[in-house]
Amino acid sequence: MPETITLEVTRYSPEQEAEPRVQQYEVPLRKDWVVLDALNYIKDRVDGSLTFRWSCRMGICGSCGMMVNGEPKLTCATFLTSYAPEGHIRVQPLRYFPVIRDLVVAIEDFMSKLGSVKPWLIRKDEKPIAEGEYLQTPEQLDLYKQFSMCINCVLCYAACPVVGLDPTFIGPAAIALAQRYNMDSRDQGSQERMDVLAQHEGIWGCTFVGDCTKACPKKVDPAGAIQQYKLTATLDRLKSLLMPWGSK
Amino acid sequence: MSEARRTEYTEFRPRWYKSRVSTWWWLGRWSYLKFILREISSVFVAWFVVELLLGLHALSGGPQRYEEFQGFLCNPLVVALNFVSLFFVLFHAVTWFNLAPKAMAVRLGGKRVPNLWIAGPNYLAWVAVSAIVAWFLLRA
């Protein structure tokens, strides 16, 4: 195994440059190093001006997502040695997001889309606190648990071509999180979410490329969530057409 | 890929860089190409429907018209188009059946049933219907 590997890192200084450029760095190729370790090595030892987001280093916080050789990855979970045969690693900011500086992207658009699907428990009737918690069986938990594993790392947005082509598309993670609450036995807000989700900008914008599910580091399967919701929305629409008098 | 589009100036974020999606974005990756082919397949599915309607129309117009229609079908260009259409319709059907287990999260005894249990009956029904149609067409 060679002793070093080349990192081709996208740099962008909005004060000085109109467009991003590529800067190369040689970093030690250590077996136990992930791409994030290499970036921290560069920042600490080579070039302190390199800017990127990170926090937990263990796939929980979802802040170190970047494009690694063209694929959206959590850099804390992407080992340098996986790319040793190629000899170089291209590190770019997450695709389709506006770049603020170097590898840091603006995710405000995602945050507002996420808010629009109301990803919290909505109750029509709140029972008094004295009556205790809303209980749930393990089976009921199992229905939505997979979707609740999302860490908002937005790798799925960087994987989805529809996100790039149609900026109004709500996107995989937000829909999967809406589904996480829709399927929660304690929630009563699915109809409110349907007004947002059953639109062209919602589920019908999805063309089932399926790359969001492949990119997800937490195995949330946003593509599955969206396809399942397409079925739910279609059945709901059919029901309201056949039985317009039926209460929603 | 590289036309700079400055999204917004704010006090702390002087300038954002947003790259444009290339017209050829779908060529670089098999899953993207597959998606585009699947979208295009709908045109060929529509062609088969049109062809069937043309056939029915010719049939209702009498033996002479039907013979003319058969002559049209024998045109090498139409044969080539139908061959390509068949490929796309098969592709459309396979991707559709493979999607079914994603859309239908059926649970039995608290567990999701395997994908094959959902896709399998779809494929079996496809084979059965195809066999019945083939029997009707080929028995003479």
# chains A, B, ... in the order shown; residues from 1 in each chain; ligands from 1
call {"tool": "residues_around", "arguments": {"residues": "range 89-105 of chain B", "least_positions_apart": "5", "cutoff": "9 Å", "atoms": "only C-alpha atoms", "output": "PyMOL selection string"}}
result
(chain A and resi 208+223-231) or (chain B and resi 37-39+41-42+44-45+48+84+112-120+122-123)
call {"tool": "atom_distance", "arguments": {"atom1": "CA of Ala128 in chain B", "atom2": "CA of Val50 in chain B"}}
result
24.2 Å
call {"tool": "interface_residues", "arguments": {"of": "chain A", "to": "chain B", "cutoff": "7 Å", "atoms": "only C-alpha atoms", "output": "list of chain:residue names"}}
result
A:Pro14, A:Ala18, A:Glu19, A:Phe97, A:Pro98, A:Val99, A:Ile100, A:Glu139, A:Gly164, A:Val209, A:Gly224, A:Gln227, A:Gln228, A:Leu231
call {"tool": "closest_residue", "arguments": {"among": "B:Leu138, B:Val79, B:Val133, B:Leu73", "to": "Gly55 in chain B", "atoms": "only C-alpha atoms"}}
result
B:Leu73
call {"tool": "atom_distance", "arguments": {"atom1": "CA of Pro119 in chain A", "atom2": "CA of Ile170 in chain A"}}
result
12.9 Å
